[in-house]
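Trainee: So I've got this file, my_file-v9.pdb, and it contains PDB, C-alpha atoms:
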```
ATOM      1  CA  MET A   1      19.327  -7.822   5.816
ATOM      2  CA  ARG A   2      16.886  -5.899   3.661
ATOM      3  CA  ALA A   3      13.160  -5.909   3.060
ATOM      4  CA  VAL A   4      11.668  -4.470  -0.103
ATOM      5  CA  VAL A   5       8.467  -2.527   0.578
ATOM      6  CA  PHE A   6       5.858  -0.996  -1.693
ATOM      7  CA  PRO A   7       3.819   2.198  -1.150
ATOM      8  CA  GLY A   8       0.058   2.556  -1.045
ATOM      9  CA  GLN A   9      -2.517   5.152  -1.976
ATOM     10  CA  GLY A  10      -1.445   8.746  -1.473
ATOM     11  CA  SER A  11       1.940   8.268  -3.131
ATOM     12  CA  GLN A  12       0.626   8.834  -6.664
ATOM     13  CA  ALA A  13       1.600  11.887  -8.709
ATOM     14  CA  VAL A  14       1.010  12.914 -12.307
ATOM     15  CA  GLY A  15       4.193  12.228 -14.269
ATOM     16  CA  MET A  16       5.142   9.097 -12.339
ATOM     17  CA  GLY A  17       6.830   6.483 -14.503
ATOM     18  CA  LYS A  18       7.276   8.770 -17.526
ATOM     19  CA  ASP A  19      11.089   8.921 -17.378
ATOM     20  CA  LEU A  20      11.246   5.196 -16.625
ATOM     21  CA  ALA A  21       9.172   4.329 -19.695
ATOM     22  CA  ALA A  22      11.168   6.685 -21.903
ATOM     23  CA  THR A  23      14.428   5.050 -20.802
ATOM     24  CA  PHE A  24      13.736   1.312 -20.496
ATOM     25  CA  ALA A  25      11.890  -1.096 -22.785
ATOM     26  CA  SER A  26      11.405  -3.454 -19.832
ATOM     27  CA  ALA A  27       9.345  -0.774 -18.052
ATOM     28  CA  ARG A  28       7.283  -0.136 -21.175
ATOM     29  CA  GLU A  29       6.536  -3.869 -21.358
ATOM     30  CA  VAL A  30       5.100  -3.814 -17.819
ATOM     31  CA  PHE A  31       2.922  -0.797 -18.539
ATOM     32  CA  ALA A  32       1.709  -2.366 -21.796
ATOM     33  CA  GLU A  33       0.773  -5.627 -20.063
ATOM     34  CA  VAL A  34      -1.213  -3.745 -17.414
ATOM     35  CA  GLU A  35      -2.997  -1.730 -20.096
ATOM     36  CA  ASP A  36      -3.875  -4.908 -21.995
ATOM     37  CA  ALA A  37      -5.252  -6.485 -18.827
ATOM     38  CA  LEU A  38      -7.373  -3.441 -18.010
ATOM     39  CA  GLU A  39      -8.205  -2.466 -21.605
ATOM     40  CA  GLN A  40      -7.328   1.118 -20.673
ATOM     41  CA  ASN A  41      -4.610   3.646 -21.509
ATOM     42  CA  LEU A  42      -3.466   3.900 -17.910
ATOM     43  CA  THR A  43       0.036   5.186 -18.690
ATOM     44  CA  ARG A  44      -1.293   8.324 -20.389
ATOM     45  CA  MET A  45      -3.171   9.086 -17.189
ATOM     46  CA  MET A  46      -0.052   8.394 -15.128
ATOM     47  CA  PHE A  47       2.205  10.505 -17.334
ATOM     48  CA  GLU A  48      -0.125  13.392 -18.222
ATOM     49  CA  GLY A  49      -3.167  13.290 -15.922
ATOM     50  CA  PRO A  50      -5.670  14.748 -15.429
ATOM     51  CA  GLU A  51      -4.960  14.489 -11.732
ATOM     52  CA  GLN A  52      -8.598  13.953 -10.779
ATOM     53  CA  ASP A  53      -8.716  10.821 -12.930
ATOM     54  CA  LEU A  54      -5.474   9.459 -11.480
ATOM     55  CA  MET A  55      -6.847  10.115  -7.989
ATOM     56  CA  MET A  56      -9.835   7.832  -8.608
ATOM     57  CA  THR A  57      -9.245   4.725  -6.494
ATOM     58  CA  GLU A  58      -9.890   2.310  -9.351
ATOM     59  CA  ASN A  59      -7.072   4.008 -11.317
ATOM     60  CA  THR A  60      -4.712   4.853  -8.472
ATOM     61  CA  GLN A  61      -4.354   1.277  -7.278
ATOM     62  CA  PRO A  62      -3.261  -0.402 -10.536
ATOM     63  CA  ALA A  63      -1.197   2.658 -11.484
ATOM     64  CA  LEU A  64       0.908   2.579  -8.332
ATOM     65  CA  MET A  65       1.344  -1.181  -8.626
ATOM     66  CA  SER A  66       2.418  -0.966 -12.266
ATOM     67  CA  LEU A  67       5.115   1.585 -11.460
ATOM     68  CA  SER A  68       6.489  -0.472  -8.569
ATOM     69  CA  VAL A  69       6.597  -3.644 -10.668
ATOM     70  CA  ALA A  70       8.133  -1.758 -13.611
ATOM     71  CA  ILE A  71      10.964  -0.592 -11.351
ATOM     72  CA  MET A  72      11.522  -4.142 -10.139
ATOM     73  CA  ARG A  73      11.558  -5.352 -13.757
ATOM     74  CA  VAL A  74      14.139  -2.687 -14.678
ATOM     75  CA  LEU A  75      16.333  -3.662 -11.736
ATOM     76  CA  ASP A  76      16.157  -7.291 -12.863
ATOM     77  CA  LYS A  77      16.482  -6.929 -16.654
ATOM     78  CA  GLU A  78      18.762  -3.904 -16.902
ATOM     79  CA  TYR A  79      20.917  -4.209 -13.790
ATOM     80  CA  GLY A  80      20.764  -7.913 -12.931
ATOM     81  CA  VAL A  81      19.300  -7.165  -9.480
ATOM     82  CA  ARG A  82      16.791  -9.896  -8.592
ATOM     83  CA  LEU A  83      14.414  -9.598  -5.664
ATOM     84  CA  LYS A  84      15.346 -12.889  -4.007
ATOM     85  CA  ASP A  85      19.031 -11.939  -4.094
ATOM     86  CA  VAL A  86      18.611  -8.580  -2.339
ATOM     87  CA  ALA A  87      15.643  -9.035   0.016
ATOM     88  CA  SER A  88      14.727 -11.407   2.811
ATOM     89  CA  TYR A  89      11.097 -10.208   2.973
ATOM     90  CA  VAL A  90       8.597  -8.105   1.064
ATOM     91  CA  ALA A  91       5.709  -6.040   2.375
ATOM     92  CA  GLY A  92       3.395  -3.333   1.104
ATOM     93  CA  HIS A  93       1.150  -0.681   2.588
ATOM     94  CA  SER A  94      -2.485  -1.539   1.770
ATOM     95  CA  LEU A  95      -2.614  -1.904  -2.049
ATOM     96  CA  GLY A  96       1.197  -2.117  -1.892
ATOM     97  CA  GLU A  97       0.752  -5.666  -0.589
ATOM     98  CA  TYR A  98      -0.447  -6.608  -4.075
ATOM     99  CA  SER A  99       2.653  -4.966  -5.575
ATOM    100  CA  ALA A 100       4.776  -7.021  -3.172
ATOM    101  CA  LEU A 101       3.070 -10.262  -4.142
ATOM    102  CA  CYS A 102       3.406  -9.518  -7.846
ATOM    103  CA  ALA A 103       7.078  -8.580  -7.483
ATOM    104  CA  ALA A 104       7.659 -11.832  -5.604
ATOM    105  CA  ASP A 105       5.993 -13.854  -8.407
ATOM    106  CA  ALA A 106       3.064 -14.965  -6.235
ATOM    107  CA  ILE A 107       0.435 -13.364  -8.523
ATOM    108  CA  SER A 108       0.861 -12.633 -12.232
ATOM    109  CA  LEU A 109       1.051  -9.017 -13.371
ATOM    110  CA  SER A 110      -2.170  -9.214 -15.391
ATOM    111  CA  ASP A 111      -4.071 -10.824 -12.525
ATOM    112  CA  THR A 112      -2.709  -8.248 -10.084
ATOM    113  CA  ALA A 113      -3.862  -5.384 -12.297
ATOM    114  CA  ARG A 114      -7.357  -6.845 -12.649
ATOM    115  CA  LEU A 115      -7.594  -7.573  -8.914
ATOM    116  CA  LEU A 116      -6.675  -3.992  -8.071
ATOM    117  CA  ARG A 117      -9.182  -2.602 -10.548
ATOM    118  CA  THR A 118     -11.857  -4.767  -8.900
ATOM    119  CA  ARG A 119     -10.630  -3.761  -5.447
ATOM    120  CA  GLY A 120     -10.669  -0.061  -6.269
ATOM    121  CA  ARG A 121     -14.141  -0.142  -7.771
ATOM    122  CA  ALA A 122     -15.566  -2.274  -4.976
ATOM    123  CA  MET A 123     -14.086  -0.051  -2.268
ATOM    124  CA  GLN A 124     -15.501   3.038  -3.936
ATOM    125  CA  LYS A 125     -18.975   1.507  -4.320
ATOM    126  CA  ALA A 126     -19.120   0.165  -0.759
ATOM    127  CA  VAL A 127     -19.994   3.553   0.753
ATOM    128  CA  PRO A 128     -21.778   6.454  -0.984
ATOM    129  CA  PHE A 129     -19.509   9.435  -1.550
ATOM    130  CA  GLY A 130     -19.535  11.783   1.451
ATOM    131  CA  LYS A 131     -20.936   9.214   3.864
ATOM    132  CA  GLY A 132     -17.534   8.072   5.074
ATOM    133  CA  ALA A 133     -14.281   9.724   6.093
ATOM    134  CA  MET A 134     -10.760   9.097   7.327
ATOM    135  CA  ALA A 135      -8.624  11.254   9.603
ATOM    136  CA  ALA A 136      -5.019  11.178  10.737
ATOM    137  CA  ILE A 137      -4.766  11.550  14.498
ATOM    138  CA  LEU A 138      -1.251  12.707  15.291
ATOM    139  CA  GLY A 139       0.089  12.110  18.779
ATOM    140  CA  LEU A 140      -1.857   9.016  19.871
ATOM    141  CA  ASP A 141      -0.648   5.425  19.866
ATOM    142  CA  ALA A 142      -2.683   2.561  18.417
ATOM    143  CA  GLU A 143      -4.282   1.553  21.725
ATOM    144  CA  GLN A 144      -5.345   5.133  22.462
ATOM    145  CA  ALA A 145      -6.731   5.452  18.923
ATOM    146  CA  ARG A 146      -8.814   2.309  19.368
ATOM    147  CA  ALA A 147     -10.276   3.677  22.606
ATOM    148  CA  LEU A 148     -10.917   7.037  20.932
ATOM    149  CA  SER A 149     -12.672   5.312  18.020
ATOM    150  CA  ALA A 150     -14.900   3.298  20.328
ATOM    151  CA  GLU A 151     -15.941   6.448  22.181
ATOM    152  CA  ALA A 152     -16.624   8.331  18.943
ATOM    153  CA  SER A 153     -18.642   5.591  17.267
ATOM    154  CA  ASP A 154     -21.976   6.227  19.051
ATOM    155  CA  GLY A 155     -23.786   3.585  17.011
ATOM    156  CA  GLU A 156     -21.819   4.272  13.843
ATOM    157  CA  VAL A 157     -18.568   2.795  12.543
ATOM    158  CA  CYS A 158     -15.309   4.376  13.663
ATOM    159  CA  GLU A 159     -12.170   2.252  13.760
ATOM    160  CA  ALA A 160      -8.403   2.609  13.913
ATOM    161  CA  ALA A 161      -7.563   1.821  10.279
ATOM    162  CA  ASN A 162      -3.836   2.514   9.894
ATOM    163  CA  ASP A 163      -1.174   2.180  12.570
ATOM    164  CA  ASN A 164       1.548   3.828  10.525
ATOM    165  CA  ALA A 165       4.121   4.847  13.133
ATOM    166  CA  PRO A 166       4.312   5.921  16.774
ATOM    167  CA  GLY A 167       2.000   8.908  17.098
ATOM    168  CA  GLN A 168       0.565   8.528  13.594
ATOM    169  CA  VAL A 169      -2.716   6.619  13.459
ATOM    170  CA  VAL A 170      -5.584   6.947  10.987
ATOM    171  CA  VAL A 171      -9.236   6.417  11.944
ATOM    172  CA  SER A 172     -11.903   5.470   9.426
ATOM    173  CA  GLY A 173     -15.688   5.134   9.371
ATOM    174  CA  HIS A 174     -18.886   7.115   9.061
ATOM    175  CA  ALA A 175     -18.188  10.803   8.451
ATOM    176  CA  GLY A 176     -20.025  11.908  11.593
ATOM    177  CA  ALA A 177     -18.170   9.440  13.786
ATOM    178  CA  VAL A 178     -14.789  10.465  12.369
ATOM    179  CA  LYS A 179     -15.589  14.127  13.027
ATOM    180  CA  ARG A 180     -16.535  13.207  16.606
ATOM    181  CA  ALA A 181     -13.202  11.428  16.927
ATOM    182  CA  ILE A 182     -11.410  14.630  15.923
ATOM    183  CA  GLU A 183     -13.323  16.620  18.556
ATOM    184  CA  ILE A 184     -12.584  14.036  21.257
ATOM    185  CA  ALA A 185      -8.917  14.074  20.256
ATOM    186  CA  LYS A 186      -8.819  17.844  20.795
ATOM    187  CA  LYS A 187     -10.142  17.375  24.331
ATOM    188  CA  LEU A 188      -7.405  14.809  24.937
ATOM    189  CA  GLY A 189      -4.806  17.408  24.011
ATOM    190  CA  VAL A 190      -4.015  16.132  20.539
ATOM    191  CA  LYS A 191      -2.583  19.119  18.708
ATOM    192  CA  ARG A 192      -3.320  18.003  15.177
ATOM    193  CA  SER A 193      -5.971  15.868  13.529
ATOM    194  CA  VAL A 194      -6.422  16.024   9.776
ATOM    195  CA  LEU A 195      -9.315  14.866   7.603
ATOM    196  CA  LEU A 196      -7.740  12.989   4.702
ATOM    197  CA  PRO A 197      -8.674  13.697   1.060
ATOM    198  CA  VAL A 198      -9.941  10.184   0.331
ATOM    199  CA  SER A 199     -12.975   9.048  -1.620
ATOM    200  CA  ALA A 200     -14.040   6.303   0.804
ATOM    201  CA  PRO A 201     -13.445   5.097   4.394
ATOM    202  CA  PHE A 202     -10.904   2.344   3.777
ATOM    203  CA  HIS A 203      -9.895  -0.441   6.178
ATOM    204  CA  CYS A 204     -12.977  -0.473   8.362
ATOM    205  CA  ALA A 205     -16.193  -2.490   8.650
ATOM    206  CA  LEU A 206     -17.938  -0.287   6.083
ATOM    207  CA  MET A 207     -15.806  -2.028   3.446
ATOM    208  CA  ARG A 208     -17.516  -5.418   3.943
ATOM    209  CA  PRO A 209     -19.179  -5.351   0.499
ATOM    210  CA  ALA A 210     -15.742  -4.788  -1.029
ATOM    211  CA  ALA A 211     -14.292  -7.661   0.993
ATOM    212  CA  GLU A 212     -16.937  -9.980  -0.427
ATOM    213  CA  ALA A 213     -16.171  -8.773  -3.944
ATOM    214  CA  MET A 214     -12.485  -9.520  -3.370
ATOM    215  CA  ARG A 215     -13.269 -12.947  -1.923
ATOM    216  CA  GLU A 216     -15.002 -13.810  -5.196
ATOM    217  CA  ALA A 217     -12.280 -12.270  -7.368
ATOM    218  CA  LEU A 218      -9.424 -13.937  -5.506
ATOM    219  CA  ALA A 219     -11.121 -17.324  -5.682
ATOM    220  CA  GLY A 220     -10.523 -17.353  -9.427
ATOM    221  CA  VAL A 221      -6.866 -16.338  -9.326
ATOM    222  CA  SER A 222      -3.797 -18.577  -9.107
ATOM    223  CA  ILE A 223      -1.507 -17.693  -6.182
ATOM    224  CA  ALA A 224       1.945 -19.262  -5.869
ATOM    225  CA  SER A 225       4.408 -19.225  -2.984
ATOM    226  CA  PRO A 226       6.275 -15.909  -3.153
ATOM    227  CA  THR A 227       9.995 -16.086  -3.914
ATOM    228  CA  VAL A 228      10.583 -14.364  -0.564
ATOM    229  CA  PRO A 229       8.117 -14.331   2.360
ATOM    230  CA  VAL A 230       5.533 -11.552   2.520
ATOM    231  CA  VAL A 231       4.498  -9.732   5.696
ATOM    232  CA  PRO A 232       0.734  -9.112   5.360
ATOM    233  CA  ASN A 233      -0.837  -5.960   6.774
ATOM    234  CA  VAL A 234      -3.389  -7.706   8.953
ATOM    235  CA  THR A 235      -1.041 -10.078  10.792
ATOM    236  CA  ALA A 236       2.331  -8.281  10.738
ATOM    237  CA  ARG A 237       3.922 -11.734  10.508
ATOM    238  CA  ALA A 238       5.605 -13.444   7.556
ATOM    239  CA  THR A 239       3.993 -16.106   5.403
ATOM    240  CA  ASP A 240       4.680 -17.850   2.120
ATOM    241  CA  ASP A 241       1.547 -20.009   2.103
ATOM    242  CA  PRO A 242      -0.639 -19.263  -0.950
ATOM    243  CA  GLU A 243      -3.968 -20.078   0.718
ATOM    244  CA  GLU A 244      -3.151 -17.987   3.768
ATOM    245  CA  ILE A 245      -2.191 -15.136   1.451
ATOM    246  CA  ARG A 246      -5.522 -15.456  -0.374
ATOM    247  CA  LYS A 247      -7.451 -15.397   2.931
ATOM    248  CA  LEU A 248      -5.524 -12.438   4.302
ATOM    249  CA  LEU A 249      -6.025 -10.352   1.162
ATOM    250  CA  VAL A 250      -9.773 -10.625   1.788
ATOM    251  CA  GLU A 251      -9.357  -9.714   5.464
ATOM    252  CA  GLN A 252      -7.141  -6.789   4.520
ATOM    253  CA  VAL A 253     -10.040  -4.876   2.940
ATOM    254  CA  CYS A 254     -11.717  -4.272   6.313
ATOM    255  CA  GLY A 255      -8.707  -4.948   8.534
ATOM    256  CA  ALA A 256      -6.276  -2.411   9.920
ATOM    257  CA  VAL A 257      -2.942  -1.760   8.223
ATOM    258  CA  ARG A 258      -0.512  -2.729  10.994
ATOM    259  CA  TRP A 259       2.492  -1.051   9.406
ATOM    260  CA  ARG A 260       4.309  -0.120  12.618
ATOM    261  CA  GLU A 261       4.096  -3.704  13.824
ATOM    262  CA  SER A 262       5.141  -5.010  10.412
ATOM    263  CA  VAL A 263       8.316  -2.947  10.493
ATOM    264  CA  GLN A 264       8.978  -4.013  14.073
ATOM    265  CA  PHE A 265       8.547  -7.640  13.022
ATOM    266  CA  LEU A 266      11.066  -7.162  10.209
ATOM    267  CA  LYS A 267      13.485  -5.581  12.678
ATOM    268  CA  SER A 268      13.089  -8.567  15.023
ATOM    269  CA  ARG A 269      14.108 -10.841  12.137
ATOM    270  CA  GLY A 270      17.320  -8.955  11.509
ATOM    271  CA  VAL A 271      16.182  -6.515   8.821
ATOM    272  CA  GLY A 272      18.012  -3.213   9.102
ATOM    273  CA  SER A 273      16.999  -1.531   5.862
ATOM    274  CA  LEU A 274      13.710  -0.976   4.033
ATOM    275  CA  VAL A 275      13.988  -0.397   0.285
ATOM    276  CA  GLU A 276      10.869   1.470  -0.879
ATOM    277  CA  VAL A 277      10.166   0.689  -4.535
ATOM    278  CA  GLY A 278       7.679   2.940  -6.267
ATOM    279  CA  SER A 279       6.333   6.470  -6.208
ATOM    280  CA  GLY A 280       7.312   8.791  -3.366
ATOM    281  CA  ARG A 281       9.114   8.122  -0.116
ATOM    282  CA  VAL A 282       6.383   7.860   2.524
ATOM    283  CA  LEU A 283       7.482   4.454   3.816
ATOM    284  CA  SER A 284      11.131   5.509   3.922
ATOM    285  CA  GLY A 285      10.137   8.404   6.146
ATOM    286  CA  LEU A 286       8.079   6.183   8.435
ATOM    287  CA  ALA A 287      10.954   3.707   8.849
ATOM    288  CA  ARG A 288      13.025   5.964  11.094
ATOM    289  CA  ARG A 289       9.956   7.079  13.047
ATOM    290  CA  ILE A 290       9.216   3.456  13.874
ATOM    291  CA  ASP A 291      12.794   2.475  14.687
ATOM    292  CA  ARG A 292      15.610   5.035  14.662
ATOM    293  CA  SER A 293      18.118   2.360  13.639
ATOM    294  CA  MET A 294      16.079   1.360  10.570
ATOM    295  CA  GLU A 295      17.265   2.781   7.269
ATOM    296  CA  GLY A 296      14.764   3.743   4.577
ATOM    297  CA  THR A 297      15.920   3.911   0.963
ATOM    298  CA  PRO A 298      13.535   5.212  -1.712
ATOM    299  CA  VAL A 299      13.990   3.656  -5.156
ATOM    300  CA  GLY A 300      11.691   5.472  -7.534
ATOM    301  CA  THR A 301      13.631   7.852  -9.780
ATOM    302  CA  LEU A 302      16.173   6.911 -12.452
ATOM    303  CA  GLU A 303      18.956   8.193 -10.207
ATOM    304  CA  GLU A 304      17.710   6.203  -7.198
ATOM    305  CA  ILE A 305      17.382   3.027  -9.267
ATOM    306  CA  GLU A 306      20.951   3.331 -10.546
ATOM    307  CA  ALA A 307      22.300   4.168  -7.095
ATOM    308  CA  PHE A 308      20.575   1.181  -5.513
ATOM    309  CA  ALA A 309      21.830  -1.166  -8.241
ATOM    310  CA  LYS A 310      25.373   0.036  -7.708
ATOM    311  CA  ALA A 311      25.066  -0.249  -3.935
ATOM    312  CA  VAL A 312      23.953  -3.901  -3.999
ATOM    313  CA  ALA A 313      26.639  -4.768  -6.557
ATOM    314  CA  ALA A 314      29.413  -3.250  -4.444
TER     315      ALA A 314
END
```
Kindly present the structure from the file in structure tokens form.
Mentor:
Amino acid sequence: MRAVVFPGQGSQAVGMGKDLAATFASAREVFAEVEDALEQNLTRMMFEGPEQDLMMTENTQPALMSLSVAIMRVLDKEYGVRLKDVASYVAGHSLGEYSALCAADAISLSDTARLLRTRGRAMQKAVPFGKGAMAAILGLDAEQARALSAEASDGEVCEAANDNAPGQVVVSGHAGAVKRAIEIAKKLGVKRSVLLPVSAPFHCALMRPAAEAMREALAGVSIASPTVPVVPNVTARATDDPEEIRKLLVEQVCGAVRWRESVQFLKSRGVGSLVEVGSGRVLSGLARRIDRSMEGTPVGTLEEIEAFAKAVAA
């Protein structure tokens, strides 16, 4: 059994999608629909940069989603590979959950693009630049990271935001609290802690204003049952209920990304392979770290798309 998974922020790169658009009309149609929804020439930014503009959260989120959905559209229209025929579940890392829901026909492409633009802007506005931070703490498990965060908070916000894989947890919150967490980690013998180059402290309580903005935005959007069940970040359990999906997308803004548990859930349901659709191969790399028997297959380049199509047709 397979699950199709979609990457989140950090996987973007200038040039992404350019070859896909040059080769397939079906990809160009996706990019054009996203641009119409946003009233912005997003593909020029994706293809040519400048990098600092692509790195802005309000651009990064719809850009990554549009590439993932364009690849899925190419697989469907050009190779006859439909999601429901090749996957038992979908999931996505943070904003990738929106890509998953769009690919599974739960939310329209135009609505998904507008939601991610709103999400990106709201997340950026929630905390003044420089007041928040995120750091990867390498070598601690999720429970240890939660204890570390509680000790570092000292009246400020510091929370375990991403449980990506064994020994790879991200903390998020006020900049001072995150720096204290790094110092405490050193005393615990953690060999490496890295401040992440992000513009805001995602997936922590500081994002409450953004969660409220998304509650309002999602209230006006139609959500259907996905063609295959989705595994939301905040529960790490499958659902196909539209109203639960709507509720969990709001909770996701402040809630932790429980990626390790999500992959373990998929494994418990018989999934042995994660197909990562989109830019980069971060999730493919995490798959084996979470479970050595789990295969991770990136599908992002023209060669990878063709190879995957041939593999499922064999």
Trainee: Would you mind reading off the distance between atom CA of A:Ala70 and atom CA of A:Pro50, one decimal, in Å?
Mentor: 21.6 Å
Trainee: Give me the result of the PyMOL selection byres ((chain A and resi 184) around 12) on this file, residue by residue, as a list in words.
Mentor: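 Here the PyMOL selection byres ((chain A and resi 184) around 12) matches Ile137, Leu140, Gln144, Ala145, Ala147, Leu148, Ser149, Ala150, Glu151, Ala152, Ser153, Ala177, Val178, Lys179, Arg180, Ala181, Ile182, Glu183, Ala185, Lys186, Lys187, Leu188, Gly189, Val190, Lys191, Arg192 and Ser193 of chain A.
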Trainee: Which residue gives the smallest distance to A:Glu58 among A:Val86, A:Ala161, A:Leu42, A:Ile245, with all atoms listed in the file counted?
Mentor: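 Closest to A:Glu58, using all atoms listed in the file: A:Leu42.
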Trainee: Which residues would end up in the selection if the PyMOL selection byres ((chain A and resi 221) around 9) were applied here, given that I need the answer as a ChimeraX atom specification?
Mentor: /A:107,111,115,217-220,222-223
Trainee: Evaluate the PyMOL selection byres ((chain A and resi 210-214) around 8) here and jot the selected residues down as an MDAnalysis selection string.
Mentor: chainID A and resid 115 118:119 122:123 125:126 207:209 215:218 249:251 253:254
Trainee: Go ahead and compute the interatomic distance for atom CA of A:Gly296 and atom CA of A:Val277, in Å to one decimal.
Mentor: 10.7 Å
Trainee: Please report the interatomic distance between atom CA of A:Val81 and atom CA of A:Arg246 in Å with one decimal.
Mentor: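 It comes out at 27.7 Å.
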Trainee: Can you tell me which residues surround A:Leu206 at a distance of at most 8 Å, considering all atoms listed in the file, apart from same-chain residues fewer than 4 positions away, and format the answer as a PyMOL selection string?
Mentor: chain A and resi 126-127+157+173+201-202+254
Trainee: Looking at only C-alpha atoms, which of A:Thr60, A:Glu29, A:Asp76, A:Gly132 is the one that sits closest to A:Glu306?
Mentor: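 Comparing A:Thr60, A:Glu29, A:Asp76, A:Gly132 against A:Glu306, the winner is A:Asp76.
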Trainee: Would you please work out which residue, of A:Thr227, A:Asn233, A:Asn164, A:Ser293, is nearest to A:Leu83 when using all atoms listed in the file?
Mentor: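 Using all atoms listed in the file, A:Leu83 sits closest to A:Thr227.
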Trainee: Given the choices A:Gly255, A:Pro7, A:Gly120, A:Gly17, which gets closest to A:Val275 if the distance is worked out from all atoms listed in the file?
Mentor: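 Smallest separation from A:Val275 among the options: A:Pro7.
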Trainee: Could you pull the residues within 12 Å of A:Ala256, counting all atoms listed in the file, minus those fewer than 6 positions along the same chain, as a PyMOL selection string?
Mentor: chain A and resi 93-94+142+145-146+158-164+169-172+201-205+207+232-236+248-249+262
